[in-house]
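Shown below: query-v8.txt, with compact mmCIF, C-alpha atoms.
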# COMPACT_ATOMS: atom_id res chain seq x y z
CA MET X 20 63.94 86.87 119.00
CA LEU X 21 63.42 83.98 116.59
CA GLY X 22 60.49 85.70 114.88
CA ALA X 23 62.39 88.97 114.56
CA LEU X 24 65.50 87.24 113.20
CA THR X 25 63.28 85.49 110.64
CA ILE X 26 61.83 88.85 109.57
CA LEU X 27 65.36 90.24 109.05
CA LEU X 28 66.43 87.17 107.05
CA VAL X 29 63.24 87.21 104.94
CA PHE X 30 63.83 90.87 104.04
CA GLN X 31 67.48 90.10 103.24
CA LEU X 32 66.37 87.20 101.04
CA ILE X 33 63.81 89.33 99.17
CA GLY X 34 66.56 91.93 98.69
CA GLU X 35 69.01 89.34 97.33
CA VAL X 36 66.39 87.91 94.95
CA LEU X 37 65.45 91.38 93.64
CA ALA X 38 69.12 92.34 93.22
CA GLN X 39 69.83 89.18 91.20
CA LEU X 40 66.59 89.29 89.24
CA PHE X 41 66.97 92.87 88.02
CA ALA X 42 70.80 92.96 88.13
CA LEU X 43 70.58 95.98 90.47
CA PRO X 44 73.76 97.91 91.43
CA VAL X 45 72.64 97.85 95.10
CA PRO X 46 73.52 94.77 97.21
CA GLY X 47 70.69 92.58 98.55
CA PRO X 48 70.91 93.51 102.27
CA VAL X 49 70.61 97.24 101.41
CA ILE X 50 67.48 96.57 99.37
CA GLY X 51 66.23 94.52 102.32
CA MET X 52 66.92 97.48 104.61
CA ALA X 53 65.04 99.90 102.32
CA LEU X 54 62.07 97.49 102.06
CA LEU X 55 61.96 96.95 105.83
CA PHE X 56 62.11 100.73 106.34
CA ALA X 57 59.14 101.13 103.94
CA ALA X 58 57.25 98.32 105.72
CA LEU X 59 57.86 99.97 109.11
CA ALA X 60 56.59 103.31 107.79
CA LEU X 61 53.43 101.63 106.44
CA ARG X 62 52.87 99.58 109.58
CA GLY X 63 53.63 102.46 111.98
CA GLY X 64 56.82 101.15 113.57
CA PRO X 65 58.56 97.93 114.64
CA SER X 66 57.24 95.49 117.26
CA ALA X 67 59.03 95.51 120.63
CA GLU X 68 60.55 92.15 119.70
CA LEU X 69 61.97 93.41 116.41
CA ARG X 70 63.31 96.54 118.09
CA ASP X 71 65.07 94.48 120.80
CA THR X 72 66.58 92.03 118.32
CA ALA X 73 67.84 94.85 116.09
CA GLN X 74 69.31 96.59 119.12
CA ASN X 75 71.13 93.42 120.23
CA LEU X 76 72.49 92.81 116.74
CA LEU X 77 73.64 96.42 116.26
CA GLN X 78 75.10 96.67 119.77
CA HIS X 79 77.76 94.15 118.74
CA LEU X 80 78.20 95.60 115.27
CA SER X 81 81.96 95.99 115.70
CA LEU X 82 82.34 92.25 116.45
CA LEU X 83 80.87 91.43 113.04
CA PHE X 84 83.78 93.20 111.28
CA VAL X 85 86.46 91.12 112.99
CA PRO X 86 86.45 88.01 110.69
CA ALA X 87 86.74 90.14 107.54
CA GLY X 88 89.38 92.30 109.26
CA VAL X 89 91.55 89.26 109.94
CA GLY X 90 91.50 88.82 106.13
CA VAL X 91 94.22 91.49 106.13
CA MET X 92 96.66 88.55 106.35
CA LEU X 93 95.69 87.47 102.81
CA HIS X 94 96.85 90.82 101.48
CA PHE X 95 100.16 91.32 103.28
CA GLY X 96 101.92 90.99 99.89
CA ARG X 97 99.92 93.71 98.14
CA ILE X 98 99.88 95.90 101.24
CA GLY X 99 103.67 95.55 101.50
CA ASP X 100 104.07 96.61 97.86
CA GLU X 101 101.52 99.43 97.96
CA TRP X 102 101.53 100.49 101.60
CA LEU X 103 102.24 104.14 100.86
CA PRO X 104 99.40 104.83 98.35
CA LEU X 105 96.95 102.73 100.38
CA ALA X 106 97.83 104.39 103.70
CA ALA X 107 97.87 107.91 102.19
CA SER X 108 94.52 107.31 100.50
CA LEU X 109 92.82 105.86 103.59
CA VAL X 110 94.13 108.41 106.09
CA GLY X 111 93.71 111.42 103.77
CA SER X 112 90.28 110.45 102.53
CA THR X 113 88.89 109.50 105.96
CA VAL X 114 90.04 112.72 107.65
CA LEU X 115 88.89 114.83 104.68
CA THR X 116 85.46 113.12 104.56
CA ILE X 117 84.80 113.59 108.29
CA ALA X 118 85.92 117.24 108.19
CA VAL X 119 84.04 118.18 104.99
CA THR X 120 80.80 116.43 106.02
CA ALA X 121 80.84 118.01 109.50
CA LEU X 122 81.63 121.51 108.19
CA VAL X 123 78.94 121.38 105.46
CA LEU X 124 76.30 120.04 107.88
CA ARG X 125 77.15 122.66 110.53
CA ALA X 126 77.05 125.52 108.03
CA LEU X 127 73.75 124.40 106.47
CA SER X 128 71.93 123.67 109.74
CA ARG X 129 73.03 127.07 111.12
CA ARG X 130 71.66 128.72 107.99
CA ALA X 131 68.39 126.74 108.31
CA GLU X 132 68.08 127.85 111.96
CA THR X 133 68.72 131.50 111.10
CA ALA X 134 66.19 131.36 108.25
CA GLY X 135 63.62 129.84 110.62
CA LYS X 136 63.90 132.71 113.12
CA MET F 15 97.70 61.37 131.37
CA ARG F 16 97.46 62.27 127.72
CA THR F 17 100.59 61.92 125.66
CA THR F 18 101.90 64.61 123.36
CA ALA F 19 100.77 62.50 120.41
CA GLN F 20 97.24 62.46 121.76
CA LEU F 21 97.31 66.23 122.31
CA ALA F 22 98.52 66.68 118.75
CA GLU F 23 95.61 64.54 117.57
CA ILE F 24 93.16 66.72 119.49
CA TRP F 25 94.75 69.82 117.89
CA VAL F 26 94.44 68.28 114.42
CA TYR F 27 90.79 67.47 115.10
CA LEU F 28 89.95 70.91 116.54
CA SER F 29 91.86 72.93 113.97
CA ALA F 30 89.81 71.26 111.22
CA SER F 31 86.48 72.10 112.89
CA PRO F 32 84.67 75.44 112.71
CA LEU F 33 84.33 75.51 116.51
CA LEU F 34 87.83 76.87 117.07
CA GLY F 35 87.63 79.77 114.61
CA LEU F 36 84.29 80.88 116.03
CA THR F 37 85.38 80.58 119.65
CA VAL F 38 88.67 82.46 119.28
CA THR F 39 86.84 85.26 117.43
CA LEU F 40 84.42 85.72 120.33
CA LEU F 41 87.21 85.42 122.93
CA ALA F 42 89.49 87.88 121.12
CA TYR F 43 86.67 90.41 120.74
CA GLN F 44 85.61 90.18 124.37
CA GLY F 45 89.21 90.53 125.51
CA ALA F 46 89.61 93.56 123.23
CA TYR F 47 86.37 95.07 124.49
CA TRP F 48 87.48 94.58 128.09
CA LEU F 49 90.69 96.52 127.36
CA TYR F 50 88.71 99.23 125.55
CA LYS F 51 86.46 99.61 128.59
CA ARG F 52 89.49 99.71 130.92
CA ALA F 53 90.90 102.53 128.73
CA ASN F 54 87.69 104.49 129.34
CA PHE F 55 86.63 103.96 125.69
CA HIS F 56 89.61 105.96 124.45
CA PRO F 57 89.44 106.06 120.62
CA LEU F 58 93.00 104.73 120.28
CA ALA F 59 92.04 101.48 122.08
CA ASN F 60 89.60 100.51 119.31
CA PRO F 61 88.25 96.97 119.97
CA VAL F 62 88.10 95.91 116.29
CA LEU F 63 91.76 96.87 115.85
CA LEU F 64 92.85 95.05 119.02
CA ALA F 65 90.86 91.89 118.19
CA VAL F 66 92.15 91.75 114.60
CA VAL F 67 95.78 92.21 115.69
CA ALA F 68 95.41 89.47 118.35
CA LEU F 69 93.82 87.04 115.89
CA VAL F 70 96.35 87.69 113.09
CA LEU F 71 99.18 87.04 115.59
CA LEU F 72 97.47 83.87 116.83
CA LEU F 73 96.92 82.51 113.31
CA ALA F 74 100.49 83.37 112.29
CA LEU F 75 101.96 81.70 115.39
CA THR F 76 99.89 78.52 114.97
CA GLY F 77 100.42 78.47 111.18
CA THR F 78 96.66 78.43 110.60
CA PRO F 79 95.60 79.54 107.10
CA TYR F 80 92.90 82.22 106.87
CA PRO F 81 90.35 79.97 105.06
CA THR F 82 90.54 77.44 107.93
CA TYR F 83 89.91 80.23 110.45
CA PHE F 84 87.12 81.68 108.32
CA ASP F 85 85.28 78.32 108.26
CA GLY F 86 84.44 79.05 111.87
CA ALA F 87 84.38 82.85 111.83
CA GLN F 88 81.93 82.91 108.91
CA PHE F 89 79.07 82.43 111.37
CA VAL F 90 79.86 85.84 112.86
CA HIS F 91 80.56 87.33 109.42
CA PHE F 92 77.20 86.07 108.13
CA LEU F 93 75.35 88.26 110.65
CA LEU F 94 76.50 91.40 108.78
CA GLY F 95 73.66 90.77 106.29
CA PRO F 96 70.79 90.72 108.81
CA ALA F 97 72.55 93.52 110.77
CA THR F 98 72.45 95.70 107.63
CA VAL F 99 68.71 94.98 107.26
CA ALA F 100 68.28 95.78 110.98
CA LEU F 101 69.59 99.33 110.36
CA ALA F 102 66.08 100.07 109.08
CA ILE F 103 64.91 100.18 112.70
CA PRO F 104 67.13 103.00 114.09
CA LEU F 105 66.59 104.73 110.74
CA TYR F 106 62.81 104.56 111.33
CA THR F 107 63.20 105.77 114.93
CA GLN F 108 65.02 108.85 113.61
CA LEU F 109 62.27 109.64 111.08
CA PRO F 110 61.00 112.85 112.82
CA LYS F 111 64.56 114.23 113.22
CA LEU F 112 65.34 113.12 109.68
CA ARG F 113 62.37 115.10 108.36
CA ALA F 114 63.25 118.22 110.36
CA MET F 115 66.90 118.26 109.18
CA ALA F 116 66.27 116.61 105.82
CA GLY F 117 67.74 119.33 103.57
CA PRO F 118 71.06 119.94 105.36
CA LEU F 119 71.51 116.20 106.03
CA LEU F 120 71.00 115.22 102.40
CA ALA F 121 73.31 117.97 101.13
CA ALA F 122 76.03 116.98 103.62
CA LEU F 123 75.51 113.33 102.69
CA VAL F 124 76.02 113.96 98.97
CA VAL F 125 79.08 116.17 99.52
CA GLY F 126 80.55 113.72 102.06
CA SER F 127 79.91 110.66 99.92
CA LEU F 128 81.52 112.25 96.85
CA THR F 129 84.47 113.43 98.97
CA ALA F 130 84.99 109.89 100.29
CA THR F 131 85.07 108.20 96.88
CA VAL F 132 86.82 110.88 94.82
CA SER F 133 89.50 111.68 97.40
CA ALA F 134 90.26 107.98 98.04
CA VAL F 135 90.76 107.26 94.33
CA ALA F 136 92.57 110.56 93.61
CA ILE F 137 95.03 110.29 96.53
CA GLY F 138 95.65 106.60 95.76
CA ARG F 139 96.32 107.48 92.14
CA LEU F 140 98.58 110.37 93.11
CA PHE F 141 100.74 107.99 95.16
CA GLY F 142 100.78 105.37 92.38
CA ALA F 143 98.33 102.69 93.54
CA SER F 144 97.55 99.90 91.03
CA GLU F 145 94.22 99.87 89.17
CA ALA F 146 92.89 96.90 91.19
CA SER F 147 93.74 98.74 94.40
CA LEU F 148 92.07 101.96 93.19
CA LEU F 149 88.86 100.11 92.32
CA SER F 150 88.98 98.40 95.71
CA LEU F 151 89.47 101.77 97.45
CA ALA F 152 86.47 103.50 95.83
CA PRO F 153 83.71 102.09 98.10
CA LYS F 154 85.86 102.08 101.28
CA SER F 155 83.59 104.34 103.35
CA VAL F 156 80.52 102.08 103.38
CA THR F 157 79.72 99.02 105.43
CA THR F 158 81.55 95.79 104.44
CA PRO F 159 78.87 93.70 102.65
CA ILE F 160 77.86 96.68 100.52
CA ALA F 161 81.43 97.76 99.78
CA MET F 162 82.36 94.20 98.81
CA GLY F 163 79.32 94.00 96.51
CA ILE F 164 80.28 97.30 94.86
CA ALA F 165 83.94 96.26 94.48
CA GLU F 166 82.86 93.04 92.80
CA ARG F 167 80.65 94.92 90.34
CA ILE F 168 83.28 97.49 89.33
CA GLY F 169 86.16 95.00 89.07
CA GLY F 170 87.97 95.55 92.38
CA LEU F 171 89.06 92.81 94.80
CA PRO F 172 86.22 92.24 97.32
CA SER F 173 88.49 90.73 100.00
CA LEU F 174 90.95 93.65 99.73
CA THR F 175 88.00 96.06 99.91
CA ALA F 176 86.88 94.36 103.15
CA VAL F 177 90.29 95.10 104.66
CA LEU F 178 90.29 98.71 103.39
CA VAL F 179 86.74 99.25 104.69
CA ILE F 180 87.66 98.00 108.14
CA THR F 181 90.86 100.07 108.21
CA THR F 182 88.80 103.13 107.21
CA GLY F 183 86.33 102.38 110.01
CA ILE F 184 89.10 102.08 112.57
CA LEU F 185 90.84 105.25 111.28
CA GLY F 186 87.59 107.23 111.57
CA ALA F 187 86.82 105.88 115.04
CA VAL F 188 90.35 106.71 116.20
CA SER F 189 90.68 110.18 114.62
CA ALA F 190 87.18 111.75 114.73
CA ARG F 191 87.49 113.22 118.22
CA PHE F 192 90.73 115.02 117.31
CA ILE F 193 89.28 116.36 114.02
CA TYR F 194 86.19 117.72 115.82
CA GLN F 195 88.34 119.35 118.50
CA ALA F 196 90.52 121.00 115.86
CA LEU F 197 87.48 122.31 113.93
CA GLY F 198 85.47 123.23 117.04
CA ILE F 199 82.52 120.96 116.18
CA ALA F 200 80.49 120.37 119.34
CA ASP F 201 77.02 119.28 118.15
CA HIS F 202 76.66 115.53 118.63
CA ALA F 203 74.19 115.21 115.75
CA VAL F 204 76.80 116.72 113.39
CA ARG F 205 79.63 114.68 114.93
CA GLY F 206 77.67 111.43 114.58
CA PHE F 207 76.51 112.10 111.04
CA ALA F 208 80.02 112.90 109.75
CA ILE F 209 81.63 109.82 111.29
CA GLY F 210 78.78 107.67 109.89
CA VAL F 211 79.33 108.97 106.35
CA ALA F 212 83.10 108.46 106.54
CA SER F 213 83.45 105.26 108.53
CA HIS F 214 80.24 103.21 108.54
CA GLY F 215 79.58 100.60 111.26
CA ILE F 216 82.85 100.88 113.15
CA GLY F 217 82.36 104.67 113.28
CA THR F 218 78.75 104.09 114.35
CA ALA F 219 79.78 101.66 117.09
CA ARG F 220 82.24 104.32 118.29
CA ALA F 221 79.59 107.09 118.11
CA PHE F 222 77.15 105.07 120.25
CA GLN F 223 79.86 104.89 122.93
CA VAL F 224 80.12 108.70 122.92
CA SER F 225 76.40 109.50 123.08
CA GLU F 226 72.99 108.14 122.09
CA GLN F 227 72.40 111.10 119.76
CA ALA F 228 75.76 110.76 118.01
CA GLY F 229 75.09 107.03 117.54
CA ALA F 230 71.62 107.55 116.09
CA PHE F 231 72.85 110.11 113.56
CA SER F 232 75.84 107.96 112.70
CA GLY F 233 73.61 104.95 112.01
CA LEU F 234 71.41 107.16 109.88
CA ALA F 235 74.40 108.48 107.88
CA MET F 236 75.82 104.98 107.47
CA GLY F 237 72.55 103.62 106.07
CA LEU F 238 72.01 106.55 103.71
CA ASN F 239 75.61 106.54 102.52
CA ALA F 240 75.39 102.80 101.83
CA LEU F 241 72.44 103.42 99.50
CA LEU F 242 73.97 106.48 97.86
CA THR F 243 77.43 104.94 97.37
CA ALA F 244 75.97 101.76 95.86
CA LEU F 245 74.21 103.94 93.29
CA LEU F 246 77.00 106.52 92.78
CA VAL F 247 80.24 104.54 92.64
CA PRO F 248 79.38 102.37 89.59
CA LEU F 249 78.47 105.63 87.77
CA LEU F 250 81.46 107.62 89.10
CA ILE F 251 84.19 105.09 88.29
CA PRO F 252 84.14 105.45 84.47
CA MET F 253 84.19 109.26 84.90
CA LEU F 254 87.06 109.10 87.39
CA GLN F 255 89.02 106.76 85.13
CA ARG F 256 88.67 109.15 82.21
CA TRP F 257 89.54 112.15 84.38
CA LEU F 258 92.58 110.52 85.97
CA GLY F 259 93.61 109.02 82.64

Take the structure I supplied and represent it as structure tokens, if you would.
Amino acid sequence: MLGALTILLVFQLIGEVLAQLFALPVPGPVIGMALLFAALALRGGPSAELRDTAQNLLQHLSLLFVPAGVGVMLHFGRIGDEWLPLAASLVGSTVLTIAVTALVLRALSRRAETAGK
Amino acid sequence: MRTTAQLAEIWVYLSASPLLGLTVTLLAYQGAYWLYKRANFHPLANPVLLAVVALVLLLALTGTPYPTYFDGAQFVHFLLGPATVALAIPLYTQLPKLRAMAGPLLAALVVGSLTATVSAVAIGRLFGASEASLLSLAPKSVTTPIAMGIAERIGGLPSLTAVLVITTGILGAVSARFIYQALGIADHAVRGFAIGVASHGIGTARAFQVSEQAGAFSGLAMGLNALLTALLVPLLIPMLQRWLG
């Protein structure tokens, strides 16, 4: 657990340093994720410990969004003023994105299956 | 017997320490999760939504400012960084499936990611959102730390983006089942991938509760969309601004 958590933090740190050093548009943790993915591919997979720790962390992923979500109270003023454009944009864009992505993926994987037969 | 004055002193002491913010966050989440479970994981009983509503009410009733609360809650918030790095592991586990479906997945990812950013900014603009709000809306479909980083770079408000990201996550988790029923989408790989592109970690948490396969594909989509959006949005914004005038 401790070793695995250290690995995750080290990769995050390397990611943050690279992002700052080269002024990259990608945030540090994402670079850390890409580097860890590359390391896993080179090494042939994660240790059981790393797998368990990642699973535990990701199992409670929704908890990790709660503190930032409570930050909604800082923006009651702006949300009150702009509730209609914000709500329309979020609802419209979320529904559209789910529908478009699902329809494109279904159409393309059906075509790939048909081509394979 | 403690007097009221002594109790007030204890409150003053506790409300200044990070212990309280951290503890109420964990309690609120576990209470919310218990309700979610009791509701048979119905999408409308989303645990993030319930926990946030409970905590906002609690802070408002006790007159606690958000920064005081966040002093404690930041320990939970901090774990988003290592959790993002940890996404490499399910991503690696899905490598064979990823290879087999690589073409269709990448095409759907690009179309979905563009739809998310362009439609959010265009609809917001259509309804008259301010420039700061539009820039904060652009990265709303990717996981919080990444979206906040993008918002900061393009001149949005990172803390507003965090709220928009979480609202998007909750909206996706609540609505996906009904969208799939309307469109007749049954494949759990497709269902998971689409919710992951549109609503990141909260969508992924929801997908894992539906099925293992949906969760795996959602995690995959969330990770890939985080990378793609971080690269695309800073390039797209100047084009969108010119196009929308």

Check your understanding: Any idea what the distance is between atom CA of Met236 of chain F and atom CA of Gly206 of chain F?
Key ->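 Atom-to-atom, atom CA of Met236 of chain F to atom CA of Gly206 of chain F, that is 9.8 Å.
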
Check your understanding: Closest to chain F among X:Ile98, X:Ile26, X:Met52, X:Leu61, using all atoms listed in the file?
Key -> X:Met52

Practice item. Please provide the set of residues having any atom within 8 Å of segment 101-111 of chain F, restricted to all atoms listed in the file, with same-chain residues fewer than 2 positions apart removed, written as number ranges by chain. Key: X: 52-53, 55-56, 59-60, 64-65, 70, 73, 77; F: 97-99, 113-116, 230-231, 233-234, 237

Check your understanding: Of the candidates F:Leu128, F:Ala46, F:Ile251, F:Leu119, which shows the shortest atom-to-atom distance to Thr116 of chain X, using all atoms listed in the file?
Key ->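 Looking at the shortest contact to Thr116 of chain X, the residue is F:Leu128.
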
Check your understanding: Counting only C-alpha atoms, what is within 10 Å of His79 of chain X, bar same-chain residues fewer than 3 positions away, as an MDAnalysis selection string?
Key -> (chainID X and resid 74:76 82:84) or (chainID F and resid 43 97 219)

Review point. What is the atom CA of Leu69 of chain X to atom CA of Leu94 of chain F distance in Å?
Key: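 So the two atoms, atom CA of Leu69 of chain X and atom CA of Leu94 of chain F, lie 16.5 Å apart.
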
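Nearest to Gly22 of chain X of all the residues X:Val45, X:Ala67, X:Ala38, X:Ala58 is X:Ala67, based on only C-alpha atoms.
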
Review point. Can you find the residues with an atom no farther than 7 Å from (85.4, 80.0, 106.0), counting all atoms listed in the file, and report them as a PyMOL selection string?
Key: chain F and resi 81-88

Point to revise | Test item: chain F residues at most 7 Å from chain X, counting all atoms listed in the file, as a PyMOL selection string | key: chain F and resi 43+62+65-66+69-70+80+84+87+90-91+93-103+106+118-119+122-123+125-126+129-130+133-134+137-138+141-143+160+163+174+176-177+180+182+185-186+193+204-205+208-209+212+215-216+219+241+244-245

Emit the selected residues as an mmCIF file, keeping the file's coordinate frame, including C-alpha atoms.
data_model
loop_
_atom_site.group_PDB
_atom_site.id
_atom_site.type_symbol
_atom_site.label_atom_id
_atom_site.label_comp_id
_atom_site.auth_asym_id
_atom_site.auth_seq_id
_atom_site.Cartn_x
_atom_site.Cartn_y
_atom_site.Cartn_z
ATOM 1 C CA TYR F 43 86.670 90.410 120.740
ATOM 2 C CA VAL F 62 88.100 95.910 116.290
ATOM 3 C CA ALA F 65 90.860 91.890 118.190
ATOM 4 C CA VAL F 66 92.150 91.750 114.600
ATOM 5 C CA LEU F 69 93.820 87.040 115.890
ATOM 6 C CA VAL F 70 96.350 87.690 113.090
ATOM 7 C CA TYR F 80 92.900 82.220 106.870
ATOM 8 C CA PHE F 84 87.120 81.680 108.320
ATOM 9 C CA ALA F 87 84.380 82.850 111.830
ATOM 10 C CA VAL F 90 79.860 85.840 112.860
ATOM 11 C CA HIS F 91 80.560 87.330 109.420
ATOM 12 C CA LEU F 93 75.350 88.260 110.650
ATOM 13 C CA LEU F 94 76.500 91.400 108.780
ATOM 14 C CA GLY F 95 73.660 90.770 106.290
ATOM 15 C CA PRO F 96 70.790 90.720 108.810
ATOM 16 C CA ALA F 97 72.550 93.520 110.770
ATOM 17 C CA THR F 98 72.450 95.700 107.630
ATOM 18 C CA VAL F 99 68.710 94.980 107.260
ATOM 19 C CA ALA F 100 68.280 95.780 110.980
ATOM 20 C CA LEU F 101 69.590 99.330 110.360
ATOM 21 C CA ALA F 102 66.080 100.070 109.080
ATOM 22 C CA ILE F 103 64.910 100.180 112.700
ATOM 23 C CA TYR F 106 62.810 104.560 111.330
ATOM 24 C CA PRO F 118 71.060 119.940 105.360
ATOM 25 C CA LEU F 119 71.510 116.200 106.030
ATOM 26 C CA ALA F 122 76.030 116.980 103.620
ATOM 27 C CA LEU F 123 75.510 113.330 102.690
ATOM 28 C CA VAL F 125 79.080 116.170 99.520
ATOM 29 C CA GLY F 126 80.550 113.720 102.060
ATOM 30 C CA THR F 129 84.470 113.430 98.970
ATOM 31 C CA ALA F 130 84.990 109.890 100.290
ATOM 32 C CA SER F 133 89.500 111.680 97.400
ATOM 33 C CA ALA F 134 90.260 107.980 98.040
ATOM 34 C CA ILE F 137 95.030 110.290 96.530
ATOM 35 C CA GLY F 138 95.650 106.600 95.760
ATOM 36 C CA PHE F 141 100.740 107.990 95.160
ATOM 37 C CA GLY F 142 100.780 105.370 92.380
ATOM 38 C CA ALA F 143 98.330 102.690 93.540
ATOM 39 C CA ILE F 160 77.860 96.680 100.520
ATOM 40 C CA GLY F 163 79.320 94.000 96.510
ATOM 41 C CA LEU F 174 90.950 93.650 99.730
ATOM 42 C CA ALA F 176 86.880 94.360 103.150
ATOM 43 C CA VAL F 177 90.290 95.100 104.660
ATOM 44 C CA ILE F 180 87.660 98.000 108.140
ATOM 45 C CA THR F 182 88.800 103.130 107.210
ATOM 46 C CA LEU F 185 90.840 105.250 111.280
ATOM 47 C CA GLY F 186 87.590 107.230 111.570
ATOM 48 C CA ILE F 193 89.280 116.360 114.020
ATOM 49 C CA VAL F 204 76.800 116.720 113.390
ATOM 50 C CA ARG F 205 79.630 114.680 114.930
ATOM 51 C CA ALA F 208 80.020 112.900 109.750
ATOM 52 C CA ILE F 209 81.630 109.820 111.290
ATOM 53 C CA ALA F 212 83.100 108.460 106.540
ATOM 54 C CA GLY F 215 79.580 100.600 111.260
ATOM 55 C CA ILE F 216 82.850 100.880 113.150
ATOM 56 C CA ALA F 219 79.780 101.660 117.090
ATOM 57 C CA LEU F 241 72.440 103.420 99.500
ATOM 58 C CA ALA F 244 75.970 101.760 95.860
ATOM 59 C CA LEU F 245 74.210 103.940 93.290
#

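A straight line drawn from atom CA of Lys51 of chain F to atom CA of Ser213 of chain F is 21.1 Å long.
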
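Distances here use only C-alpha atoms; by that measure, the residue among F:Leu34, F:Ala187, F:Leu28, F:Val132 closest to Met253 of chain F is F:Val132.
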
Exercise for review: Excluding Val188 of chain F and any residue of its chain fewer than 5 positions from it, enumerate the residues within 10 Å of it, using all atoms listed in the file, and give them as a list in words.
Suggested key: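 Final neighbour list, sorted by chain and number: His56, Pro57, Leu58, Ala59, Asn60, Leu63, Thr182, Gly183, Ile193, Ile216, Gly217 and Arg220 of chain F.
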
Check your understanding: Hey, which of F:Val26, F:Val67, F:Val224, F:Met162 ends up closest to Phe55 of chain F? Count only C-alpha atoms.
Key -> F:Val224

Check your understanding: With only C-alpha atoms as the basis for distance, which of F:Ala74, F:Ala146, F:Ala235, F:Leu40 is at the shortest distance from Val124 of chain F?
Key ->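 Distance minimum relative to Val124 of chain F lands on F:Ala235.
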